[in-house]
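**Q** Please find one structure pasted underneath; my questions will follow.
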Amino acid sequence: MMNKLLLGRFIPGHSLVHRLDPRSKLLLSFYYIGIIFLANNWQTYLVLFLFTILAVRLSEIKMSFFIRGVRPLIWLILFTVLLQVFFTRGGTTYWSWGPIVLSQFGIVNGIYIFMRFVLIIFMSTLLTLTTPPLSLADAIEAILKPLRVVHFPVYEVALMLSIALRFVPTLMDETEKIMNAQRARGVDFGEGNLFQQMRAVVPLLIPLFVSSFNRAEDLATAMEARGYQGGEGRSKYRVLVWHAIDSWSVVGFAILTVILIWLRA
Amino acid sequence: MTDVTKIIEVEHLNFRYPQTEGRPALNDVNLTIEQGEWVAIIGHNGSGKSTLAKSLDGLLPLTPDSGTIRVAGITLSEDNVWNIRRQIGMVFQNPDNQFVGATVEDDVAFGLENIGLPREEMLTRVHAALKRVRMLEFADREPARLSGGQKQRVAIAGIIALQPQIIILDESTSMLDPTGRIEVLETVRELKEQANLTVISITHDIDEAANANRIIILDDGEIKESGTPAEIFQYGERLIELGLDVPYAERLKAALRRQNLVVPQQYLTEEGLVDWLWTLHSKM
Ligand SMILES: Nc1ncnc2c1ncn2[C@@H]1O[C@H](COP(=O)(O)OP(=O)(O)O)[C@@H](O)[C@H]1O
Ligand SMILES: [Mg+2]
């Protein structure tokens, strides 16, 4: 269950989006979140909407995966939208009750906010669906590299990230095993009220912590035995390659930016 | 006879884990291992086998009065510990806890990255190493989708990619099923022949010990005995106390010896013993 949440998000494929360099995907996703705030009328939102749909189509992944990405956040979205709808004044007022109003501007703003949420979620879902976690870790390392100037341990952080990702399935398996062992001793997981459920987690967490520390110690010894002495002087086996499609994506986003600036009110 | 060289020399090695009371983990250990030898180390749990293995690789906080360790002619010290580690490859017990890379090829490359090898050279060495342990078709697999034996073979590939002279197996097969165990040992045996490696295998498995050139028994941090498998197996049932899973044939031989029967000295499989028994009977 948790496994799907964390790792099952990546869907292998060979589409244009899959083949993009993770660095350009990560940076362009952040950039996209930035330029969404340029949109302020229906024309700009329409352009963004069409652009996002195009990106989704290029990934060759079914729309339903993206809609599923919106679902866990639906309450947050609705709350924000309703706040916007009922507390914005301006234009024709259709209905009012004390501080609460239903105005023309309020409805329009509500729709925009909703669009903004959905577009951001679609784009970030696109990133995680088409990029393996390890490539994302590589991209983060590459992007953080300039921070080495201020002695930020970029290599170490990147290695930590990749080891953490590598151990997720191992620890999942272990959790499963411990849960079964505790069930055999009569612990009920996922039963009773919140307090009882939290108490059931304790006999799970303690063995998990102990074994993780043991693993960490073994791993440290193994790494040292294999000559690991910190990030300095290491070479890299996996390298990221910037292709023509990456440059073209950047051009695509530049054109989008120009259109947005041109169309915005 | 060919010129044999002493690849490992240990003199008066003493070690006590910091903040521990009682007897030391290693007590005046003296040991010489020749190049190309396959040495099995046996001993009950807590007898100091892993401690000895780690000390050879400079993985313990040794003090100058701990004794001396020489590996391939280099005396272990803080300055050249990394040179010594390049001569020794270690495979540990738990296949999961030594798999550093996210995929098979990344893991094999880990040690090469550590010594700063250029990428071109890494690509060829990773390829060659995976081929030699027959894991090439799994190069892009994640560890979660490998068996224990496959993970240990990847660990071995990671070691031979660094071209060491010595391989230390610290109970590397103890968490594997019988097939995995055979896979791993066969791989090490082949590699040993090809590259004239020296192998030190810490084990509870009698078959693994029986195929060694020499067996060393460690007991409470001291070397109790050192000899050929035939010599050591004369201990019979007492080997169980010393941490070896003694098979039925050996236990039977010990029992027969107690009945004043002259039994063969060398290690026999169950079939071998049956053969010996029925020929013995027909001679009588
Ligand atoms: N990290 C440690 N700290 C303190 N004591 C240890 C540590 N590791 C092992 N020991 C102790 O040292 C002795 C030898 O252990 P070890 O070399 O692991 O034995 P073996 O590998 O033969 O089972 C044992 O008594 C053990 O409890
Ligand atoms: Mg041990």
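Following the order of the structure tokens, first chain is A, next is B, and so on, with residues numbered from 1 inside each chain and ligands from 1 in the order they appear.
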Write out as a ChimeraX atom specification the set of residues from region 142-229 of chain B that DSSP, computed on the backbone, places in helix (DSSP H, G or I).

**A** /B:143-145,148-160,178-195,206-210,229

**Q** Could the residues in this selection be saved with N, CA, C and O atoms as a compact mmCIF listing (two decimals), in the first residue's frame?

**A**
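Saved result, selection02.txt, follows:
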```
# COMPACT_ATOMS: atom_id res chain seq x y z
N PRO B 143 17.96 -3.91 -6.32
CA PRO B 143 18.23 -5.02 -5.41
C PRO B 143 16.95 -5.73 -4.92
O PRO B 143 16.98 -6.92 -4.64
N ALA B 144 15.85 -4.99 -4.84
CA ALA B 144 14.61 -5.59 -4.33
C ALA B 144 14.14 -6.73 -5.22
O ALA B 144 13.38 -7.59 -4.78
N ARG B 145 14.60 -6.73 -6.47
CA ARG B 145 14.14 -7.78 -7.38
C ARG B 145 15.21 -8.85 -7.63
O ARG B 145 15.21 -9.52 -8.64
N GLY B 148 18.89 -13.53 -2.72
CA GLY B 148 20.04 -13.31 -1.84
C GLY B 148 21.35 -13.70 -2.51
O GLY B 148 22.34 -12.98 -2.44
N GLY B 149 21.34 -14.86 -3.20
CA GLY B 149 22.54 -15.33 -3.86
C GLY B 149 22.98 -14.38 -4.97
O GLY B 149 24.17 -14.14 -5.17
N GLN B 150 21.99 -13.83 -5.68
CA GLN B 150 22.33 -12.88 -6.74
C GLN B 150 22.94 -11.62 -6.16
O GLN B 150 23.90 -11.08 -6.70
N LYS B 151 22.38 -11.16 -5.03
CA LYS B 151 22.93 -9.96 -4.39
C LYS B 151 24.37 -10.20 -3.96
O LYS B 151 25.22 -9.33 -4.13
N GLN B 152 24.64 -11.39 -3.41
CA GLN B 152 26.02 -11.68 -2.99
C GLN B 152 26.94 -11.75 -4.20
O GLN B 152 28.10 -11.35 -4.11
N ARG B 153 26.42 -12.25 -5.32
CA ARG B 153 27.27 -12.29 -6.52
C ARG B 153 27.56 -10.87 -7.02
O ARG B 153 28.65 -10.58 -7.53
N VAL B 154 26.58 -9.98 -6.87
CA VAL B 154 26.82 -8.58 -7.22
C VAL B 154 27.90 -8.00 -6.31
O VAL B 154 28.80 -7.29 -6.76
N ALA B 155 27.82 -8.34 -5.02
CA ALA B 155 28.84 -7.86 -4.07
C ALA B 155 30.22 -8.34 -4.51
O ALA B 155 31.20 -7.59 -4.47
N ILE B 156 30.29 -9.60 -4.97
CA ILE B 156 31.57 -10.14 -5.43
C ILE B 156 32.03 -9.41 -6.69
O ILE B 156 33.21 -9.08 -6.82
N ALA B 157 31.09 -9.10 -7.58
CA ALA B 157 31.45 -8.35 -8.79
C ALA B 157 32.03 -6.99 -8.40
O ALA B 157 33.03 -6.55 -8.97
N GLY B 158 31.41 -6.35 -7.41
CA GLY B 158 31.89 -5.05 -6.95
C GLY B 158 33.31 -5.14 -6.43
O GLY B 158 34.09 -4.19 -6.54
N ILE B 159 33.65 -6.30 -5.88
CA ILE B 159 34.99 -6.50 -5.34
C ILE B 159 36.00 -6.79 -6.44
O ILE B 159 37.05 -6.16 -6.51
N ILE B 160 35.65 -7.71 -7.34
CA ILE B 160 36.66 -8.07 -8.34
C ILE B 160 36.89 -6.95 -9.34
O ILE B 160 37.94 -6.86 -9.94
N PRO B 178 20.29 -23.28 -0.12
CA PRO B 178 21.37 -24.14 -0.64
C PRO B 178 21.80 -23.79 -2.06
O PRO B 178 23.00 -23.78 -2.35
N THR B 179 20.86 -23.45 -2.93
CA THR B 179 21.23 -23.10 -4.31
C THR B 179 22.08 -21.84 -4.33
O THR B 179 23.12 -21.79 -5.00
N GLY B 180 21.64 -20.83 -3.58
CA GLY B 180 22.40 -19.58 -3.52
C GLY B 180 23.79 -19.80 -2.99
O GLY B 180 24.77 -19.23 -3.48
N ARG B 181 23.89 -20.67 -1.99
CA ARG B 181 25.17 -20.98 -1.38
C ARG B 181 26.13 -21.57 -2.41
O ARG B 181 27.28 -21.14 -2.53
N ILE B 182 25.63 -22.54 -3.18
CA ILE B 182 26.47 -23.19 -4.19
C ILE B 182 26.88 -22.18 -5.26
O ILE B 182 28.05 -22.11 -5.64
N GLU B 183 25.90 -21.37 -5.71
CA GLU B 183 26.18 -20.34 -6.71
C GLU B 183 27.36 -19.46 -6.29
O GLU B 183 28.29 -19.23 -7.05
N VAL B 184 27.25 -18.97 -5.06
CA VAL B 184 28.25 -18.02 -4.58
C VAL B 184 29.62 -18.69 -4.46
O VAL B 184 30.63 -18.15 -4.92
N LEU B 185 29.64 -19.88 -3.87
CA LEU B 185 30.93 -20.54 -3.67
C LEU B 185 31.57 -20.93 -5.00
O LEU B 185 32.79 -20.80 -5.17
N GLU B 186 30.74 -21.40 -5.95
CA GLU B 186 31.27 -21.73 -7.28
C GLU B 186 31.91 -20.50 -7.92
O GLU B 186 32.98 -20.58 -8.51
N THR B 187 31.21 -19.37 -7.80
CA THR B 187 31.72 -18.13 -8.37
C THR B 187 33.08 -17.79 -7.77
O THR B 187 34.03 -17.48 -8.50
N VAL B 188 33.16 -17.85 -6.44
CA VAL B 188 34.43 -17.50 -5.80
C VAL B 188 35.53 -18.46 -6.24
O VAL B 188 36.65 -18.07 -6.53
N ARG B 189 35.18 -19.74 -6.31
CA ARG B 189 36.17 -20.76 -6.68
C ARG B 189 36.73 -20.47 -8.08
O ARG B 189 37.94 -20.50 -8.30
N GLU B 190 35.83 -20.17 -9.02
CA GLU B 190 36.27 -19.86 -10.39
C GLU B 190 37.19 -18.65 -10.42
O GLU B 190 38.25 -18.67 -11.05
N LEU B 191 36.76 -17.61 -9.71
CA LEU B 191 37.55 -16.37 -9.72
C LEU B 191 38.91 -16.59 -9.10
O LEU B 191 39.91 -16.06 -9.56
N LYS B 192 38.94 -17.40 -8.06
CA LYS B 192 40.19 -17.68 -7.38
C LYS B 192 41.18 -18.33 -8.35
O LYS B 192 42.34 -17.95 -8.42
N GLU B 193 40.67 -19.30 -9.14
CA GLU B 193 41.53 -19.98 -10.10
C GLU B 193 42.04 -19.02 -11.16
O GLU B 193 43.21 -19.02 -11.51
N GLN B 194 41.12 -18.18 -11.66
CA GLN B 194 41.50 -17.28 -12.76
C GLN B 194 42.54 -16.25 -12.33
O GLN B 194 43.44 -15.92 -13.07
N ALA B 195 42.38 -15.72 -11.12
CA ALA B 195 43.21 -14.57 -10.74
C ALA B 195 44.20 -14.89 -9.62
O ALA B 195 44.81 -13.97 -9.08
N ILE B 206 30.24 -27.01 6.82
CA ILE B 206 31.35 -27.97 6.75
C ILE B 206 31.83 -28.20 5.33
O ILE B 206 33.03 -28.38 5.09
N ASP B 207 30.91 -28.14 4.36
CA ASP B 207 31.35 -28.37 2.98
C ASP B 207 32.28 -27.26 2.51
O ASP B 207 33.26 -27.50 1.81
N GLU B 208 31.94 -26.04 2.95
CA GLU B 208 32.78 -24.92 2.59
C GLU B 208 34.17 -25.09 3.25
O GLU B 208 35.20 -24.89 2.61
N ALA B 209 34.16 -25.49 4.51
CA ALA B 209 35.42 -25.66 5.22
C ALA B 209 36.23 -26.83 4.65
O ALA B 209 37.45 -26.76 4.53
N ALA B 210 35.53 -27.90 4.26
CA ALA B 210 36.21 -29.10 3.79
C ALA B 210 36.99 -28.86 2.52
O ALA B 210 38.00 -29.52 2.26
N PRO B 229 41.97 -29.77 6.44
CA PRO B 229 40.64 -30.25 6.83
C PRO B 229 40.70 -31.63 7.47
O PRO B 229 40.03 -31.86 8.49
```

**Q** Would you pick out the contacts of Ala128 (chain B) at 10 Å or less, using only C-alpha atoms, so that residues sharing its chain but fewer than 5 positions from it are not included, and give the list as an mmCIF file with all heavy atoms, in the first residue's frame?

**A**
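Wrote result.cif, looks like this:
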```
data_model
loop_
_atom_site.group_PDB
_atom_site.id
_atom_site.type_symbol
_atom_site.label_atom_id
_atom_site.label_comp_id
_atom_site.auth_asym_id
_atom_site.auth_seq_id
_atom_site.Cartn_x
_atom_site.Cartn_y
_atom_site.Cartn_z
ATOM 1 N N MET B 122 35.480 2.697 -15.936
ATOM 2 C CA MET B 122 34.444 2.099 -15.090
ATOM 3 C C MET B 122 33.503 1.243 -15.921
ATOM 4 O O MET B 122 33.154 0.138 -15.535
ATOM 5 C CB MET B 122 33.628 3.198 -14.394
ATOM 6 C CG MET B 122 34.252 3.710 -13.129
ATOM 7 S SD MET B 122 33.016 4.476 -12.089
ATOM 8 C CE MET B 122 33.204 6.167 -12.535
ATOM 9 N N LEU B 123 33.078 1.785 -17.069
ATOM 10 C CA LEU B 123 32.120 1.061 -17.900
ATOM 11 C C LEU B 123 32.662 -0.307 -18.278
ATOM 12 O O LEU B 123 31.957 -1.316 -18.190
ATOM 13 C CB LEU B 123 31.786 1.873 -19.157
ATOM 14 C CG LEU B 123 30.943 3.130 -18.911
ATOM 15 C CD1 LEU B 123 30.816 3.946 -20.186
ATOM 16 C CD2 LEU B 123 29.556 2.756 -18.407
ATOM 17 N N VAL B 133 30.623 -12.854 -12.943
ATOM 18 C CA VAL B 133 29.752 -13.474 -11.937
ATOM 19 C C VAL B 133 28.393 -13.851 -12.533
ATOM 20 O O VAL B 133 27.465 -14.204 -11.813
ATOM 21 C CB VAL B 133 29.551 -12.568 -10.692
ATOM 22 C CG1 VAL B 133 30.880 -12.231 -10.046
ATOM 23 C CG2 VAL B 133 28.790 -11.310 -11.049
ATOM 24 N N ARG B 134 28.308 -13.780 -13.890
ATOM 25 C CA ARG B 134 27.088 -14.135 -14.615
ATOM 26 C C ARG B 134 25.866 -13.345 -14.146
ATOM 27 O O ARG B 134 24.797 -13.895 -13.911
ATOM 28 C CB ARG B 134 26.826 -15.645 -14.504
ATOM 29 C CG ARG B 134 27.771 -16.458 -15.366
ATOM 30 C CD ARG B 134 27.389 -17.912 -15.365
ATOM 31 N NE ARG B 134 27.650 -18.530 -14.088
ATOM 32 C CZ ARG B 134 28.833 -19.041 -13.734
ATOM 33 N NH1 ARG B 134 29.827 -19.008 -14.591
ATOM 34 N NH2 ARG B 134 28.990 -19.578 -12.564
ATOM 35 N N LEU B 136 25.268 -10.244 -15.819
ATOM 36 C CA LEU B 136 25.223 -9.164 -16.799
ATOM 37 C C LEU B 136 23.795 -8.808 -17.205
ATOM 38 O O LEU B 136 23.445 -7.639 -17.343
ATOM 39 C CB LEU B 136 26.047 -9.556 -18.027
ATOM 40 C CG LEU B 136 26.498 -8.413 -18.923
ATOM 41 C CD1 LEU B 136 27.209 -7.345 -18.124
ATOM 42 C CD2 LEU B 136 27.411 -8.916 -20.022
ATOM 43 N N ALA B 157 31.086 -9.103 -7.583
ATOM 44 C CA ALA B 157 31.453 -8.351 -8.786
ATOM 45 C C ALA B 157 32.032 -6.995 -8.400
ATOM 46 O O ALA B 157 33.034 -6.549 -8.970
ATOM 47 C CB ALA B 157 30.234 -8.167 -9.691
ATOM 48 N N ILE B 160 35.653 -7.711 -7.338
ATOM 49 C CA ILE B 160 36.656 -8.070 -8.342
ATOM 50 C C ILE B 160 36.886 -6.947 -9.339
ATOM 51 O O ILE B 160 37.942 -6.857 -9.945
ATOM 52 C CB ILE B 160 36.343 -9.393 -9.080
ATOM 53 C CG1 ILE B 160 34.989 -9.322 -9.747
ATOM 54 C CG2 ILE B 160 36.458 -10.577 -8.145
ATOM 55 C CD1 ILE B 160 34.767 -10.472 -10.694
ATOM 56 N N ALA B 161 35.888 -6.042 -9.470
ATOM 57 C CA ALA B 161 36.094 -4.882 -10.337
ATOM 58 C C ALA B 161 37.271 -4.049 -9.829
ATOM 59 O O ALA B 161 37.938 -3.367 -10.596
ATOM 60 C CB ALA B 161 34.831 -4.029 -10.395
#
```

**Q** Quick one: which residues from chain A are at most 12 Å off chain B, using only C-alpha atoms, as a PyMOL selection string?

**A** chain A and resi 132-135+137-138+155+159-174+211-239

**Q** To one decimal place in Å, what is the distance between CA of Val101 (chain A) and CA of Ile77 (chain A)?

**A**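 About the pair CA of Val101 (chain A) and CA of Ile77 (chain A): they are 19.4 Å apart.
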
**Q** Give me, as a list in words, the set of residues whose atoms come within 6 Å of any atom of ligand 1, counting only C-alpha atoms and all ligand atoms.

**A**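 Based on only C-alpha atoms and all ligand atoms, ligand 1 is surrounded within 6 Å by Tyr17, Ala25, Asn45, Gly46, Ser47, Gly48, Lys49, Ser50 and Thr51 of chain B.
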
**Q** Could you work out how far CA of Gly192 (chain A) lies from CA of Pro207 (chain A), giving the answer in Å with one decimal?

**A** 22.4 Å

**Q** Mind listing the strand (DSSP E or B) residues of region 86-227 of chain B, per DSSP on the backbone, as a PDB file with N, CA, C and O atoms, in the first residue's frame?

**A**
```
ATOM      1  N   ILE B  88      42.138  -5.898  -0.457  1.00  0.00           N
ATOM      2  CA  ILE B  88      41.199  -6.830   0.164  1.00  0.00           C
ATOM      3  C   ILE B  88      39.775  -6.488  -0.240  1.00  0.00           C
ATOM      4  O   ILE B  88      39.360  -5.332  -0.187  1.00  0.00           O
ATOM      5  N   GLY B  89      39.019  -7.499  -0.634  1.00  0.00           N
ATOM      6  CA  GLY B  89      37.597  -7.312  -0.879  1.00  0.00           C
ATOM      7  C   GLY B  89      36.831  -8.105   0.158  1.00  0.00           C
ATOM      8  O   GLY B  89      37.163  -9.256   0.419  1.00  0.00           O
ATOM      9  N   MET B  90      35.841  -7.477   0.781  1.00  0.00           N
ATOM     10  CA  MET B  90      35.093  -8.201   1.805  1.00  0.00           C
ATOM     11  C   MET B  90      33.638  -8.374   1.413  1.00  0.00           C
ATOM     12  O   MET B  90      32.991  -7.437   0.968  1.00  0.00           O
ATOM     13  N   VAL B  91      33.150  -9.600   1.586  1.00  0.00           N
ATOM     14  CA  VAL B  91      31.720  -9.866   1.385  1.00  0.00           C
ATOM     15  C   VAL B  91      31.144 -10.203   2.751  1.00  0.00           C
ATOM     16  O   VAL B  91      31.618 -11.116   3.414  1.00  0.00           O
ATOM     17  N   ILE B 166      42.993 -10.356  -2.337  1.00  0.00           N
ATOM     18  CA  ILE B 166      42.434 -11.181  -1.275  1.00  0.00           C
ATOM     19  C   ILE B 166      40.925 -10.981  -1.225  1.00  0.00           C
ATOM     20  O   ILE B 166      40.450  -9.852  -1.340  1.00  0.00           O
ATOM     21  N   ILE B 167      40.192 -12.076  -1.046  1.00  0.00           N
ATOM     22  CA  ILE B 167      38.755 -11.951  -0.804  1.00  0.00           C
ATOM     23  C   ILE B 167      38.450 -12.543   0.557  1.00  0.00           C
ATOM     24  O   ILE B 167      38.894 -13.654   0.874  1.00  0.00           O
ATOM     25  N   ILE B 168      37.732 -11.801   1.389  1.00  0.00           N
ATOM     26  CA  ILE B 168      37.315 -12.321   2.682  1.00  0.00           C
ATOM     27  C   ILE B 168      35.802 -12.493   2.654  1.00  0.00           C
ATOM     28  O   ILE B 168      35.069 -11.545   2.368  1.00  0.00           O
ATOM     29  N   LEU B 169      35.334 -13.713   2.904  1.00  0.00           N
ATOM     30  CA  LEU B 169      33.896 -13.973   2.960  1.00  0.00           C
ATOM     31  C   LEU B 169      33.517 -14.139   4.427  1.00  0.00           C
ATOM     32  O   LEU B 169      33.907 -15.120   5.059  1.00  0.00           O
ATOM     33  N   ASP B 170      32.810 -13.165   4.995  1.00  0.00           N
ATOM     34  CA  ASP B 170      32.423 -13.273   6.405  1.00  0.00           C
ATOM     35  C   ASP B 170      31.004 -13.827   6.508  1.00  0.00           C
ATOM     36  O   ASP B 170      30.039 -13.076   6.498  1.00  0.00           O
ATOM     37  N   THR B 198      43.687 -14.991  -3.035  1.00  0.00           N
ATOM     38  CA  THR B 198      43.750 -15.629  -1.735  1.00  0.00           C
ATOM     39  C   THR B 198      42.359 -15.480  -1.128  1.00  0.00           C
ATOM     40  O   THR B 198      41.789 -14.399  -1.180  1.00  0.00           O
ATOM     41  N   VAL B 199      41.809 -16.581  -0.599  1.00  0.00           N
ATOM     42  CA  VAL B 199      40.448 -16.514  -0.071  1.00  0.00           C
ATOM     43  C   VAL B 199      40.447 -16.867   1.408  1.00  0.00           C
ATOM     44  O   VAL B 199      41.046 -17.865   1.817  1.00  0.00           O
ATOM     45  N   ILE B 200      39.814 -16.031   2.200  1.00  0.00           N
ATOM     46  CA  ILE B 200      39.593 -16.350   3.606  1.00  0.00           C
ATOM     47  C   ILE B 200      38.090 -16.459   3.779  1.00  0.00           C
ATOM     48  O   ILE B 200      37.378 -15.495   3.531  1.00  0.00           O
ATOM     49  N   SER B 201      37.599 -17.645   4.128  1.00  0.00           N
ATOM     50  CA  SER B 201      36.152 -17.750   4.277  1.00  0.00           C
ATOM     51  C   SER B 201      35.800 -18.145   5.698  1.00  0.00           C
ATOM     52  O   SER B 201      36.261 -19.151   6.219  1.00  0.00           O
ATOM     53  N   ILE B 202      35.004 -17.275   6.304  1.00  0.00           N
ATOM     54  CA  ILE B 202      34.514 -17.519   7.656  1.00  0.00           C
ATOM     55  C   ILE B 202      33.189 -18.242   7.489  1.00  0.00           C
ATOM     56  O   ILE B 202      32.335 -17.774   6.731  1.00  0.00           O
ATOM     57  N   ASP B 205      29.685 -23.733   7.637  1.00  0.00           N
ATOM     58  CA  ASP B 205      29.282 -24.789   6.715  1.00  0.00           C
ATOM     59  C   ASP B 205      30.447 -25.756   6.479  1.00  0.00           C
ATOM     60  O   ASP B 205      31.510 -25.366   6.008  1.00  0.00           O
ATOM     61  N   ARG B 214      43.219 -25.029   4.237  1.00  0.00           N
ATOM     62  CA  ARG B 214      43.564 -25.023   5.652  1.00  0.00           C
ATOM     63  C   ARG B 214      42.370 -24.512   6.439  1.00  0.00           C
ATOM     64  O   ARG B 214      41.601 -23.688   5.957  1.00  0.00           O
ATOM     65  N   ILE B 215      42.220 -25.039   7.654  1.00  0.00           N
ATOM     66  CA  ILE B 215      41.146 -24.564   8.528  1.00  0.00           C
ATOM     67  C   ILE B 215      41.781 -24.003   9.789  1.00  0.00           C
ATOM     68  O   ILE B 215      42.715 -24.582  10.336  1.00  0.00           O
ATOM     69  N   ILE B 216      41.281 -22.861  10.212  1.00  0.00           N
ATOM     70  CA  ILE B 216      41.749 -22.267  11.464  1.00  0.00           C
ATOM     71  C   ILE B 216      40.571 -22.224  12.423  1.00  0.00           C
ATOM     72  O   ILE B 216      39.483 -21.790  12.051  1.00  0.00           O
ATOM     73  N   ILE B 217      40.787 -22.720  13.627  1.00  0.00           N
ATOM     74  CA  ILE B 217      39.718 -22.684  14.626  1.00  0.00           C
ATOM     75  C   ILE B 217      39.974 -21.537  15.580  1.00  0.00           C
ATOM     76  O   ILE B 217      41.044 -21.441  16.184  1.00  0.00           O
ATOM     77  N   LEU B 218      38.997 -20.669  15.709  1.00  0.00           N
ATOM     78  CA  LEU B 218      39.092 -19.551  16.628  1.00  0.00           C
ATOM     79  C   LEU B 218      38.174 -19.844  17.808  1.00  0.00           C
ATOM     80  O   LEU B 218      37.025 -20.263  17.629  1.00  0.00           O
ATOM     81  N   ASP B 219      38.703 -19.651  19.015  1.00  0.00           N
ATOM     82  CA  ASP B 219      37.875 -19.911  20.189  1.00  0.00           C
ATOM     83  C   ASP B 219      38.125 -18.811  21.206  1.00  0.00           C
ATOM     84  O   ASP B 219      39.260 -18.617  21.640  1.00  0.00           O
ATOM     85  N   GLU B 222      41.084 -16.588  20.524  1.00  0.00           N
ATOM     86  CA  GLU B 222      42.404 -17.183  20.365  1.00  0.00           C
ATOM     87  C   GLU B 222      42.377 -18.232  19.257  1.00  0.00           C
ATOM     88  O   GLU B 222      41.370 -18.906  19.083  1.00  0.00           O
ATOM     89  N   ILE B 223      43.511 -18.364  18.564  1.00  0.00           N
ATOM     90  CA  ILE B 223      43.587 -19.427  17.575  1.00  0.00           C
ATOM     91  C   ILE B 223      43.842 -20.731  18.307  1.00  0.00           C
ATOM     92  O   ILE B 223      44.842 -20.885  19.004  1.00  0.00           O
ATOM     93  N   LYS B 224      42.917 -21.632  18.171  1.00  0.00           N
ATOM     94  CA  LYS B 224      43.011 -22.864  18.943  1.00  0.00           C
ATOM     95  C   LYS B 224      43.759 -23.924  18.148  1.00  0.00           C
ATOM     96  O   LYS B 224      44.511 -24.703  18.700  1.00  0.00           O
ATOM     97  N   GLU B 225      43.525 -23.943  16.858  1.00  0.00           N
ATOM     98  CA  GLU B 225      44.100 -24.980  16.026  1.00  0.00           C
ATOM     99  C   GLU B 225      44.171 -24.463  14.603  1.00  0.00           C
ATOM    100  O   GLU B 225      43.398 -23.616  14.195  1.00  0.00           O
ATOM    101  N   SER B 226      45.110 -24.995  13.849  1.00  0.00           N
ATOM    102  CA  SER B 226      45.212 -24.647  12.446  1.00  0.00           C
ATOM    103  C   SER B 226      45.744 -25.871  11.732  1.00  0.00           C
ATOM    104  O   SER B 226      46.750 -26.446  12.155  1.00  0.00           O
ATOM    105  N   GLY B 227      45.071 -26.307  10.693  1.00  0.00           N
ATOM    106  CA  GLY B 227      45.533 -27.507  10.018  1.00  0.00           C
ATOM    107  C   GLY B 227      44.723 -27.803   8.775  1.00  0.00           C
ATOM    108  O   GLY B 227      43.789 -27.071   8.436  1.00  0.00           O
TER     109      GLY B 227
END
```

**Q** Could you give me, as a VMD selection string, the residues within 12 Å of Lys25 (chain A), counting only C-alpha atoms and dropping anything in the same chain fewer than 3 positions from it?

**A** chain A and resid 16 to 22 28 to 32 55 123 to 132 135 to 136 138 to 140 143 242 245 to 247 249 to 250 253
